[in-house]
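S.K.: Input structure: query_14.tsv, which contains TSV, C-alpha atoms.
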chain	number	residue	atom	x	y	z
A	1	MET	CA	91.61	40.63	107.66
A	2	ARG	CA	95.25	40.75	108.64
A	3	ARG	CA	96.98	44.11	108.60
A	4	PRO	CA	99.14	44.42	105.45
A	5	THR	CA	102.84	44.07	106.20
A	6	LEU	CA	105.95	45.68	104.81
A	7	GLU	CA	106.79	42.34	103.19
A	8	ALA	CA	103.43	42.25	101.42
A	9	VAL	CA	104.02	45.72	100.01
A	10	ALA	CA	107.50	44.67	98.85
A	11	ALA	CA	106.10	41.58	97.09
A	12	ARG	CA	103.36	43.60	95.37
A	13	ALA	CA	105.83	46.27	94.20
A	14	GLY	CA	108.52	43.73	93.23
A	15	VAL	CA	111.19	45.35	95.40
A	16	SER	CA	113.03	44.56	98.61
A	17	ARG	CA	111.69	45.18	102.08
A	18	ALA	CA	114.50	47.70	102.65
A	19	THR	CA	113.42	49.69	99.59
A	20	VAL	CA	109.84	49.88	100.84
A	21	SER	CA	111.13	51.03	104.23
A	22	ARG	CA	113.15	53.82	102.62
A	23	VAL	CA	110.14	55.05	100.63
A	24	VAL	CA	107.79	54.93	103.62
A	25	ASN	CA	110.29	56.83	105.77
A	26	GLY	CA	110.66	59.58	103.19
A	27	GLU	CA	114.27	58.95	102.17
A	28	SER	CA	115.39	60.48	98.88
A	29	THR	CA	117.69	57.64	97.77
A	30	VAL	CA	114.98	55.79	95.80
A	31	GLY	CA	114.38	56.50	92.11
A	32	PRO	CA	111.03	57.95	90.98
A	33	ARG	CA	109.82	54.83	89.11
A	34	ILE	CA	110.47	52.53	92.06
A	35	ARG	CA	109.01	55.07	94.48
A	36	GLU	CA	105.85	55.25	92.37
A	37	ALA	CA	105.54	51.46	92.33
A	38	VAL	CA	105.93	51.24	96.10
A	39	LEU	CA	103.40	54.00	96.76
A	40	ARG	CA	100.94	52.33	94.39
A	41	ALA	CA	101.34	49.05	96.29
A	42	VAL	CA	100.88	50.87	99.60
A	43	LYS	CA	97.62	52.36	98.34
A	44	GLU	CA	96.32	49.11	96.84
A	45	LEU	CA	96.98	47.10	99.99
A	46	GLY	CA	95.94	49.82	102.41
A	47	TYR	CA	99.24	49.59	104.21
A	48	VAL	CA	99.64	51.86	107.26
A	49	PRO	CA	103.19	52.27	108.61
A	50	ASN	CA	103.81	51.18	112.18
A	51	SER	CA	104.58	54.51	113.84
A	52	ALA	CA	106.53	52.94	116.70
A	53	ALA	CA	108.77	50.98	114.35
A	54	ARG	CA	109.23	53.98	112.07
A	55	SER	CA	110.27	56.11	115.04
A	56	LEU	CA	113.02	53.62	115.81
A	57	VAL	CA	114.34	54.02	112.27
A	58	THR	CA	113.93	57.78	111.82
A	59	GLN	CA	114.47	58.82	115.45
A	60	ARG	CA	111.40	61.07	115.01
A	61	THR	CA	107.89	60.87	116.41
A	62	ASP	CA	106.47	63.72	114.29
A	63	SER	CA	104.75	64.93	117.47
A	64	ILE	CA	105.29	68.24	119.27
A	65	ALA	CA	104.24	68.89	122.87
A	66	LEU	CA	102.44	72.15	123.54
A	67	VAL	CA	102.92	72.61	127.29
A	68	VAL	CA	100.60	75.08	129.02
A	69	SER	CA	101.73	76.00	132.52
A	70	GLU	CA	98.20	76.42	133.83
A	71	ALA	CA	95.53	74.23	135.41
A	72	PRO	CA	92.97	72.67	133.00
A	73	THR	CA	90.23	74.82	134.55
A	74	ARG	CA	92.10	77.93	133.37
A	75	VAL	CA	92.98	76.60	129.92
A	76	PHE	CA	89.39	75.61	129.20
A	77	SER	CA	87.85	78.75	130.70
A	78	ASP	CA	86.46	81.79	128.87
A	79	ASP	CA	89.97	83.03	127.99
A	80	PRO	CA	90.14	82.61	124.19
A	81	LEU	CA	93.94	83.01	124.05
A	82	PHE	CA	94.66	79.38	124.86
A	83	SER	CA	92.29	77.89	122.30
A	84	LEU	CA	93.50	80.30	119.62
A	85	VAL	CA	97.16	79.45	120.25
A	86	VAL	CA	96.45	75.70	120.28
A	87	ARG	CA	94.35	75.90	117.11
A	88	THR	CA	96.89	78.02	115.26
A	89	ALA	CA	99.92	75.97	116.32
A	90	GLY	CA	98.09	72.75	115.49
A	91	ALA	CA	97.24	73.95	111.98
A	92	GLU	CA	100.83	75.09	111.33
A	93	LEU	CA	102.27	71.80	112.54
A	94	GLU	CA	99.74	69.80	110.53
A	95	ARG	CA	100.92	71.57	107.38
A	96	ALA	CA	104.43	70.45	108.32
A	97	GLY	CA	103.31	66.84	108.73
A	98	LYS	CA	103.38	66.92	112.54
A	99	GLN	CA	100.80	66.82	115.30
A	100	VAL	CA	100.28	68.60	118.61
A	101	VAL	CA	100.22	66.86	121.97
A	102	LEU	CA	98.52	69.23	124.43
A	103	MET	CA	99.88	68.89	127.96
A	104	MET	CA	98.85	70.75	131.13
A	105	ALA	CA	101.63	71.68	133.58
A	106	GLY	CA	99.86	73.68	136.24
A	107	SER	CA	101.04	71.66	139.24
A	108	ALA	CA	104.21	69.92	140.45
A	109	GLU	CA	102.67	66.53	139.66
A	110	ALA	CA	101.72	67.61	136.15
A	111	GLN	CA	105.18	69.06	135.56
A	112	ALA	CA	106.76	65.75	136.57
A	113	ARG	CA	104.48	63.90	134.13
A	114	VAL	CA	105.41	66.26	131.31
A	115	GLN	CA	109.12	65.88	132.02
A	116	GLY	CA	108.84	62.10	132.09
A	117	TYR	CA	106.85	62.04	128.85
A	118	VAL	CA	109.38	64.20	127.03
A	119	ALA	CA	112.32	62.26	128.50
A	120	GLY	CA	110.71	59.08	127.18
A	121	GLY	CA	111.24	60.28	123.61
A	122	HIS	CA	107.55	60.67	122.77
A	123	VAL	CA	107.91	64.11	121.14
A	124	ASP	CA	110.40	65.83	118.85
A	125	GLY	CA	110.10	69.25	120.48
A	126	VAL	CA	108.32	71.32	123.10
A	127	MET	CA	106.40	74.61	122.86
A	128	PHE	CA	105.84	76.45	126.15
A	129	VAL	CA	102.81	78.68	126.69
A	130	SER	CA	101.92	80.83	129.72
A	131	MET	CA	105.13	80.31	131.65
A	132	HIS	CA	105.58	81.56	135.22
A	133	SER	CA	108.85	82.54	136.87
A	134	SER	CA	108.68	79.53	139.21
A	135	ASP	CA	108.30	77.03	136.36
A	136	PRO	CA	111.08	74.40	136.52
A	137	LEU	CA	110.18	72.70	133.25
A	138	PRO	CA	112.03	74.87	130.68
A	139	GLU	CA	115.42	74.26	132.28
A	140	ALA	CA	114.63	70.58	132.85
A	141	ILE	CA	113.53	70.03	129.25
A	142	LEU	CA	116.56	71.91	127.92
A	143	GLY	CA	118.71	69.47	129.90
A	144	LEU	CA	117.16	66.62	127.92
A	145	GLY	CA	118.49	68.06	124.66
A	146	VAL	CA	115.00	68.43	123.17
A	147	PRO	CA	114.33	71.50	120.97
A	148	VAL	CA	112.16	74.05	122.78
A	149	VAL	CA	110.49	77.35	122.00
A	150	SER	CA	108.32	79.72	124.02
A	151	TYR	CA	105.15	81.66	123.25
A	152	GLY	CA	106.30	84.93	124.75
A	153	ARG	CA	109.61	85.86	126.31
A	154	PRO	CA	110.48	83.22	128.94
A	155	ALA	CA	109.63	84.14	132.51
A	156	VAL	CA	112.56	82.06	133.72
A	157	ASP	CA	116.28	82.65	133.33
A	158	VAL	CA	116.87	80.38	130.33
A	159	ASP	CA	118.03	81.23	126.83
A	160	ILE	CA	115.49	79.66	124.48
A	161	PRO	CA	113.93	80.83	121.21
A	162	HIS	CA	110.68	82.72	121.62
A	163	ALA	CA	108.01	84.62	119.74
A	164	ASP	CA	106.68	87.65	121.60
A	165	ASN	CA	104.77	90.86	120.96
A	166	ASP	CA	105.59	94.42	121.97
A	167	ASN	CA	103.90	94.31	125.36
A	168	THR	CA	105.73	97.34	126.76
A	169	GLY	CA	105.20	99.54	123.71
A	170	GLY	CA	101.54	98.56	123.44
A	171	ALA	CA	100.92	99.47	127.07
A	172	GLN	CA	102.67	102.80	126.59
A	173	ARG	CA	100.45	103.63	123.62
A	174	ALA	CA	97.33	102.76	125.62
A	175	VAL	CA	98.25	105.01	128.55
A	176	ARG	CA	99.40	107.85	126.29
A	177	HIS	CA	96.01	107.66	124.59
A	178	LEU	CA	94.38	108.18	127.98
A	179	LEU	CA	96.73	111.08	128.74
A	180	GLY	CA	95.92	112.61	125.38
A	181	GLY	CA	92.23	112.43	126.25
A	182	GLY	CA	92.80	114.62	129.29
A	183	ARG	CA	92.69	111.88	131.92
A	184	ARG	CA	94.69	112.70	135.03
A	185	ARG	CA	93.99	109.89	137.51
A	186	ILE	CA	95.02	106.91	135.44
A	187	ALA	CA	95.16	103.57	137.23
A	188	THR	CA	96.18	100.16	135.95
A	189	ILE	CA	95.03	96.62	136.59
A	190	ALA	CA	98.30	94.78	136.06
A	191	GLY	CA	98.71	91.14	135.14
A	192	PRO	CA	100.49	88.56	137.33
A	193	GLN	CA	104.00	89.73	138.11
A	194	ASP	CA	105.46	86.22	137.79
A	195	MET	CA	104.66	86.36	134.06
A	196	ILE	CA	106.54	88.40	131.46
A	197	GLY	CA	103.37	89.75	129.89
A	198	GLY	CA	102.26	91.12	133.26
A	199	GLN	CA	105.67	92.60	133.98
A	200	ASP	CA	106.16	94.21	130.56
A	201	ARG	CA	102.70	95.76	130.38
A	202	LEU	CA	103.12	97.24	133.85
A	203	ALA	CA	106.51	98.62	132.78
A	204	GLY	CA	104.83	100.26	129.79
A	205	TYR	CA	102.25	101.89	132.09
A	206	HIS	CA	104.97	103.35	134.31
A	207	ALA	CA	107.01	104.51	131.30
A	208	ALA	CA	104.01	106.37	129.86
A	209	LEU	CA	103.36	108.18	133.15
A	210	GLU	CA	107.01	109.13	133.63
A	211	GLY	CA	107.44	112.88	133.48
A	212	SER	CA	103.68	113.53	133.58
A	213	GLY	CA	103.64	114.38	137.28
A	214	LEU	CA	100.83	111.87	137.79
A	215	ARG	CA	100.91	109.32	140.59
A	216	PRO	CA	100.66	105.65	139.57
A	217	ALA	CA	97.82	103.56	141.00
A	218	VAL	CA	98.32	99.82	140.60
A	219	GLU	CA	96.25	96.77	141.46
A	220	VAL	CA	97.23	93.29	140.30
A	221	GLY	CA	94.91	90.70	138.78
A	222	ASP	CA	95.45	87.25	137.32
A	223	PHE	CA	94.21	87.88	133.76
A	224	THR	CA	90.68	86.66	134.61
A	225	ARG	CA	87.44	88.63	134.37
A	226	GLU	CA	86.75	88.18	138.09
A	227	SER	CA	90.15	89.53	139.11
A	228	GLY	CA	89.60	92.59	136.92
A	229	ALA	CA	86.32	93.36	138.66
A	230	ASP	CA	87.89	92.89	142.10
A	231	ALA	CA	90.86	95.10	141.22
A	232	MET	CA	88.55	97.84	139.89
A	233	ARG	CA	86.60	97.84	143.15
A	234	ARG	CA	89.85	98.19	145.11
A	235	LEU	CA	90.99	101.08	142.93
A	236	LEU	CA	87.70	102.93	143.46
A	237	ALA	CA	87.89	102.33	147.19
A	238	LYS	CA	91.39	103.84	147.31
A	239	ASP	CA	90.61	106.79	145.03
A	240	PRO	CA	86.98	107.42	144.05
A	241	ARG	CA	88.19	110.08	141.58
A	242	VAL	CA	89.95	107.61	139.27
A	243	ASP	CA	89.06	108.74	135.76
A	244	ALA	CA	90.82	106.10	133.64
A	245	VAL	CA	92.11	102.55	133.88
A	246	PHE	CA	94.41	100.51	131.69
A	247	ALA	CA	93.88	96.77	132.16
A	248	ALA	CA	96.65	94.40	131.12
A	249	ASN	CA	94.25	92.18	129.18
A	250	ASP	CA	90.72	92.40	127.81
A	251	LEU	CA	89.16	89.93	130.24
A	252	MET	CA	90.26	92.07	133.19
A	253	ALA	CA	89.04	95.18	131.34
A	254	ILE	CA	85.64	93.53	130.87
A	255	GLY	CA	85.56	92.78	134.59
A	256	ALA	CA	86.43	96.42	135.27
A	257	LEU	CA	83.53	97.56	133.07
A	258	GLN	CA	81.14	95.42	135.09
A	259	ALA	CA	82.47	96.79	138.40
A	260	LEU	CA	82.20	100.37	137.17
A	261	ARG	CA	78.63	99.85	136.01
A	262	ARG	CA	77.65	98.44	139.41
A	263	ALA	CA	79.36	101.39	141.09
A	264	GLY	CA	77.25	103.79	139.03
A	265	ARG	CA	80.20	105.08	136.98
A	266	GLY	CA	79.69	105.89	133.33
A	267	VAL	CA	82.19	104.72	130.70
A	268	PRO	CA	83.86	106.68	129.21
A	269	GLY	CA	82.23	109.76	130.78
A	270	ASP	CA	83.38	109.12	134.34
A	271	VAL	CA	86.07	106.51	133.75
A	272	ALA	CA	87.78	105.60	130.47
A	273	VAL	CA	88.83	101.96	130.08
A	274	VAL	CA	91.48	100.42	127.82
A	275	GLY	CA	92.34	96.72	127.57
A	276	PHE	CA	94.98	94.62	125.83
A	277	ASP	CA	94.79	91.73	123.30
A	278	ASP	CA	91.68	92.66	121.24
A	279	ILE	CA	89.82	89.41	121.78
A	280	GLU	CA	86.55	89.04	119.88
A	281	ALA	CA	84.46	89.94	122.94
A	282	ALA	CA	86.09	93.40	123.06
A	283	ARG	CA	83.92	94.51	120.14
A	284	PHE	CA	80.71	93.51	121.91
A	285	THR	CA	81.13	95.04	125.37
A	286	ASP	CA	78.97	97.99	126.40
A	287	PRO	CA	80.51	100.29	125.36
A	288	PRO	CA	82.84	98.57	122.86
A	289	LEU	CA	86.31	98.29	124.36
A	290	THR	CA	89.29	100.37	123.30
A	291	THR	CA	92.24	97.98	123.42
A	292	VAL	CA	95.71	97.10	122.18
A	293	ARG	CA	95.60	94.50	119.43
A	294	ALA	CA	98.15	91.76	120.03
A	295	PRO	CA	99.04	89.55	117.03
A	296	ILE	CA	98.09	86.28	118.77
A	297	VAL	CA	97.76	84.19	115.60
A	298	GLU	CA	100.93	85.56	114.03
A	299	GLN	CA	102.81	85.02	117.29
A	300	ALA	CA	101.73	81.36	117.45
A	301	GLU	CA	102.73	80.87	113.81
A	302	ALA	CA	106.14	82.42	114.49
A	303	MET	CA	106.61	80.12	117.48
A	304	VAL	CA	106.07	77.06	115.29
A	305	ARG	CA	108.44	78.38	112.62
A	306	LEU	CA	111.15	78.90	115.23
A	307	LEU	CA	110.78	75.31	116.40
A	308	LEU	CA	110.90	73.86	112.90
A	309	THR	CA	113.99	75.75	111.71
A	310	PRO	CA	117.09	73.62	110.96
A	311	GLU	CA	118.68	74.52	114.31
A	312	PRO	CA	115.65	74.98	116.59
A	313	GLY	CA	117.52	74.45	119.85
A	314	ARG	CA	120.05	77.24	119.45
A	315	GLY	CA	119.75	80.37	121.55
A	316	GLY	CA	119.36	83.81	120.06
A	317	ASP	CA	116.19	83.24	118.02
A	318	ARG	CA	113.86	86.11	118.82
A	319	VAL	CA	110.70	87.37	117.16
A	320	VAL	CA	108.95	90.47	118.55
A	321	LEU	CA	105.79	91.48	116.71
A	322	PRO	CA	104.25	94.97	116.77
A	323	THR	CA	101.00	95.83	118.56
A	324	GLU	CA	98.32	98.32	117.53
A	325	LEU	CA	95.97	100.56	119.49
A	326	VAL	CA	92.32	100.00	118.48
A	327	VAL	CA	90.17	102.95	119.54
A	328	ARG	CA	86.53	102.21	120.30
A	329	GLU	CA	83.96	103.88	122.57
A	330	SER	CA	85.27	102.99	126.04
A	331	ALA	CA	88.16	105.49	125.82
What would you get if you wrote out this structure as structure tokens?

M.R.:
Amino acid sequence: MRRPTLEAVAARAGVSRATVSRVVNGESTVGPRIREAVLRAVKELGYVPNSAARSLVTQRTDSIALVVSEAPTRVFSDDPLFSLVVRTAGAELERAGKQVVLMMAGSAEAQARVQGYVAGGHVDGVMFVSMHSSDPLPEAILGLGVPVVSYGRPAVDVDIPHADNDNTGGAQRAVRHLLGGGRRRIATIAGPQDMIGGQDRLAGYHAALEGSGLRPAVEVGDFTRESGADAMRRLLAKDPRVDAVFAANDLMAIGALQALRRAGRGVPGDVAVVGFDDIEAARFTDPPLTTVRAPIVEQAEAMVRLLLTPEPGRGGDRVVLPTELVVRESA
């Protein structure tokens, strides 16, 4: 069977082709009786609008790019943050009648593909996730005049709307909890220092130690479980008397727990451990992980709302959500 056309819908509804086009494209200039007749004809004929043609009329694609500045192997690893952000943003956009186009931008070639795709007019906006300070895409996409928003404060020197959480304050609460428990050799496994989350959580660690007379001990990981285990081993090698560690995310904290167990250190008896994010796995570690709960879902929802506001491209839109210390058995 031939695909029903706009003309066929117009004939069935007894209206002009232009009227059908206005109804299909969501314009409000058509009266309710005529709109009802057109929609009834659309349903009876099984008419499906041509999205390419409709985009030419409305200048909208109803698609939003979610650009993750990581390699696919990282995005589809055991880090639940990416899947949770994608799932939440997708659900919010679906409620708004839009869809997500997931794009990886973890290499120069991938970044060029993303820029070309956006420049080609295939999306109405861009959401950035997991940006690094060397990422050229935010500035390039801004130059195209496409609305953008960031999950987290941008790691590059651009003024774009973003939804963030209180990384610094959450880290301070975690370290103060360790201080309050009598720990005096408190180390940290910091996140990557080319990412705002890594920078802010390290700043919170230093702020909490300020005035305590304690010497900072810092090793840097890359937010993976393996890097947390490696960093913990380095910390123990430098100072076997470390009695507490704050890890900048839960995956690195889980890696630290594994390294401590293999080194024969009890948790929390010998070394207390605190993470950040409160992923589901934090409740099932041995012992259950004390951590800072980050509002990942709420942050992703706020990011979508910022993009869909009437003036989504303007600077100055900022959302910073509170974090919460969740005390379990590891500290």

S.K.: From the options A:Leu214, A:Met104, A:Ala119, A:Ile64, which residue's atoms come nearest to Phe76 of chain A, counting all atoms listed in the file?

M.R.: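 Closest to Phe76 of chain A of all the choices is A:Met104.
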
S.K.: For atom CA of Val148 of chain A and atom CA of Val320 of chain A, determine how far apart the two atoms are, in Å to one decimal place.

M.R.: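 Going from atom CA of Val148 of chain A over to atom CA of Val320 of chain A covers 17.3 Å.
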
S.K.: What does the distance between atom CA of Val245 of chain A and atom CA of Ala217 of chain A come to in Å, to one decimal place?

M.R.: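 Atom-to-atom, atom CA of Val245 of chain A to atom CA of Ala217 of chain A, that is 9.2 Å.
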
S.K.: Using all atoms listed in the file, which of the listed residues (A:Val273, A:Leu39, A:Leu209, A:Leu81) sits closest to Thr290 of chain A?

M.R.: A:Val273

S.K.: Enclose the full set of atoms of segment 78-97 of chain A listed in the file within a box whose edges lie along x, y and z, apply 4 Å of padding to each of the six sides, and report centre and edge lengths in Å to one decimal as JSON.

M.R.:
{"center_x": 95.4, "center_y": 74.9, "center_z": 118.1, "size_x": 26.0, "size_y": 24.2, "size_z": 29.5}

S.K.: If I take atom CA of Ala110 of chain A and atom CA of Ile160 of chain A, how far is one from the other in Å, to one decimal?

M.R.: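 Atom CA of Ala110 of chain A sits 21.7 Å away from atom CA of Ile160 of chain A.
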
S.K.: For a quick check of understanding, using all atoms listed in the file, which of A:Leu45, A:Val9, A:Ala229, A:Leu84 has the smallest distance to Glu280 of chain A?

M.R.: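 Smallest distance to Glu280 of chain A is found for A:Leu84.
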
S.K.: Which residues are near Gly266 of chain A? Cut-off 12 Å, only C-alpha atoms, ignore same chain within fewer than 2 positions. Put them as a list of chain:residue names.

M.R.: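 Counting only C-alpha atoms, the residues come to A:Val242, A:Asp243, A:Ala244, A:Ala256, A:Leu257, A:Gln258, A:Ala259, A:Leu260, A:Arg261, A:Arg262, A:Ala263, A:Gly264, A:Pro268, A:Gly269, A:Asp270, A:Val271, A:Ala272, A:Val273, A:Asp286, A:Pro287, A:Glu329, A:Ser330, A:Ala331.
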
S.K.: Measuring atom to atom with only C-alpha atoms, identify which of A:Glu44, A:Asp250, A:Glu301, A:Glu226 is nearest to Ala282 of chain A.

M.R.: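 Among A:Glu44, A:Asp250, A:Glu301, A:Glu226, it is A:Asp250 that comes nearest to Ala282 of chain A.
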
S.K.: Please determine, counting only C-alpha atoms, which residue among A:Ala13, A:Ala174, A:Ser130, A:Gly181 has the shortest atom-to-atom distance to Asp194 of chain A.

M.R.: A:Ser130

S.K.: Would you kindly identify which residues have an atom no farther than 8 Å from (110.7, 67.7, 117.1), using all atoms listed in the file and the file's own coordinates, and write them out as a list in words?

M.R.: Arg60, Thr61, Asp62, Ser63, Ile64, Val123, Asp124, Gly125, Val126, Val146, Pro147, Leu307 and Leu308 of chain A

S.K.: Do you know which residues are at most 10 Å from Met195 of chain A counting only C-alpha atoms, after dropping those on the same chain fewer than 5 positions away, and could you put them as a PyMOL selection string?

M.R.: chain A and resi 130-134+152-156+200+222

S.K.: Counting all atoms listed in the file, which residue out of A:Thr5, A:Ser83, A:Ser150, A:Thr323 sits closest to Ala41 of chain A?

M.R.: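 Result for the nearest residue to Ala41 of chain A: A:Thr5.
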
S.K.: Show which residues sit within 10 Å of Thr73 of chain A, as a list in words. Count all atoms listed in the file, and ignore same-chain residues fewer than 4 positions away.

M.R.: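 Contacts, with the query itself left out: Ser77, Asp78 and Gly106 of chain A.
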
S.K.: Show me, as JSON, numbers by chain, the residues that have an atom within 10 Å of Arg201 of chain A when counting only C-alpha atoms, minus same-chain residues fewer than 5 positions from it.

M.R.: {"A": [166, 167, 168, 169, 170, 171, 172, 188, 189, 190, 191, 193, 196, 206, 207, 246, 247, 248, 249, 276]}

S.K.: Taking (102.5, 107.1, 136.4) in the file's coordinates, which residues come within 12 Å, counting all atoms listed in the file, written as a short mmCIF file (atom, residue, chain, number, x, y, z; two decimals) with C-alpha atoms, in the coordinates of the input?

M.R.:
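In the end it all went to selection27.cif:
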data_model
loop_
_atom_site.label_atom_id
_atom_site.label_comp_id
_atom_site.auth_asym_id
_atom_site.auth_seq_id
_atom_site.Cartn_x
_atom_site.Cartn_y
_atom_site.Cartn_z
CA GLN A 172 102.67 102.80 126.59
CA VAL A 175 98.25 105.01 128.55
CA ARG A 176 99.40 107.85 126.29
CA LEU A 178 94.38 108.18 127.98
CA LEU A 179 96.73 111.08 128.74
CA ARG A 183 92.69 111.88 131.92
CA ARG A 184 94.69 112.70 135.03
CA ARG A 185 93.99 109.89 137.51
CA ILE A 186 95.02 106.91 135.44
CA ALA A 187 95.16 103.57 137.23
CA THR A 188 96.18 100.16 135.95
CA LEU A 202 103.12 97.24 133.85
CA ALA A 203 106.51 98.62 132.78
CA GLY A 204 104.83 100.26 129.79
CA TYR A 205 102.25 101.89 132.09
CA HIS A 206 104.97 103.35 134.31
CA ALA A 207 107.01 104.51 131.30
CA ALA A 208 104.01 106.37 129.86
CA LEU A 209 103.36 108.18 133.15
CA GLU A 210 107.01 109.13 133.63
CA GLY A 211 107.44 112.88 133.48
CA SER A 212 103.68 113.53 133.58
CA GLY A 213 103.64 114.38 137.28
CA LEU A 214 100.83 111.87 137.79
CA ARG A 215 100.91 109.32 140.59
CA PRO A 216 100.66 105.65 139.57
CA ALA A 217 97.82 103.56 141.00
CA VAL A 218 98.32 99.82 140.60
CA VAL A 245 92.11 102.55 133.88
CA PHE A 246 94.41 100.51 131.69
#

S.K.: Using the atoms already present, construct N, CA and C atoms for segment 17-29 of chain A and hand them back as a PDB file, in the frame of the given file.

M.R.:
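So the final result, stored in rebuild-v1.pdb, reads:
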ATOM      1  N   ARG A  17     112.285  44.598 100.883  1.00  0.00           N
ATOM      2  CA  ARG A  17     111.690  45.180 102.080  1.00  0.00           C
ATOM      3  C   ARG A  17     112.396  46.477 102.468  1.00  0.00           C
ATOM      4  N   ALA A  18     113.721  46.508 102.316  1.00  0.00           N
ATOM      5  CA  ALA A  18     114.500  47.700 102.650  1.00  0.00           C
ATOM      6  C   ALA A  18     114.109  48.880 101.779  1.00  0.00           C
ATOM      7  N   THR A  19     113.823  48.617 100.499  1.00  0.00           N
ATOM      8  CA  THR A  19     113.420  49.690  99.590  1.00  0.00           C
ATOM      9  C   THR A  19     112.079  50.273 100.011  1.00  0.00           C
ATOM     10  N   VAL A  20     111.137  49.398 100.368  1.00  0.00           N
ATOM     11  CA  VAL A  20     109.840  49.880 100.840  1.00  0.00           C
ATOM     12  C   VAL A  20     110.021  50.745 102.093  1.00  0.00           C
ATOM     13  N   SER A  21     110.884  50.288 103.004  1.00  0.00           N
ATOM     14  CA  SER A  21     111.130  51.030 104.230  1.00  0.00           C
ATOM     15  C   SER A  21     111.674  52.421 103.931  1.00  0.00           C
ATOM     16  N   ARG A  22     112.593  52.514 102.958  1.00  0.00           N
ATOM     17  CA  ARG A  22     113.150  53.820 102.620  1.00  0.00           C
ATOM     18  C   ARG A  22     112.090  54.752 102.052  1.00  0.00           C
ATOM     19  N   VAL A  23     111.209  54.221 101.209  1.00  0.00           N
ATOM     20  CA  VAL A  23     110.140  55.050 100.630  1.00  0.00           C
ATOM     21  C   VAL A  23     109.180  55.518 101.712  1.00  0.00           C
ATOM     22  N   VAL A  24     108.756  54.601 102.567  1.00  0.00           N
ATOM     23  CA  VAL A  24     107.790  54.930 103.620  1.00  0.00           C
ATOM     24  C   VAL A  24     108.355  55.964 104.582  1.00  0.00           C
ATOM     25  N   ASN A  25     109.665  55.910 104.829  1.00  0.00           N
ATOM     26  CA  ASN A  25     110.290  56.830 105.770  1.00  0.00           C
ATOM     27  C   ASN A  25     110.751  58.127 105.126  1.00  0.00           C
ATOM     28  N   GLY A  26     110.420  58.305 103.834  1.00  0.00           N
ATOM     29  CA  GLY A  26     110.660  59.580 103.190  1.00  0.00           C
ATOM     30  C   GLY A  26     112.091  59.818 102.737  1.00  0.00           C
ATOM     31  N   GLU A  27     112.894  58.766 102.617  1.00  0.00           N
ATOM     32  CA  GLU A  27     114.270  58.950 102.170  1.00  0.00           C
ATOM     33  C   GLU A  27     114.298  59.257 100.671  1.00  0.00           C
ATOM     34  N   SER A  28     115.312  60.003 100.266  1.00  0.00           N
ATOM     35  CA  SER A  28     115.390  60.480  98.880  1.00  0.00           C
ATOM     36  C   SER A  28     116.322  59.632  98.020  1.00  0.00           C
ATOM     37  N   THR A  29     116.719  58.463  98.493  1.00  0.00           N
ATOM     38  CA  THR A  29     117.690  57.640  97.770  1.00  0.00           C
ATOM     39  C   THR A  29     117.029  56.642  96.820  1.00  0.00           C
TER      40      THR A  29
END
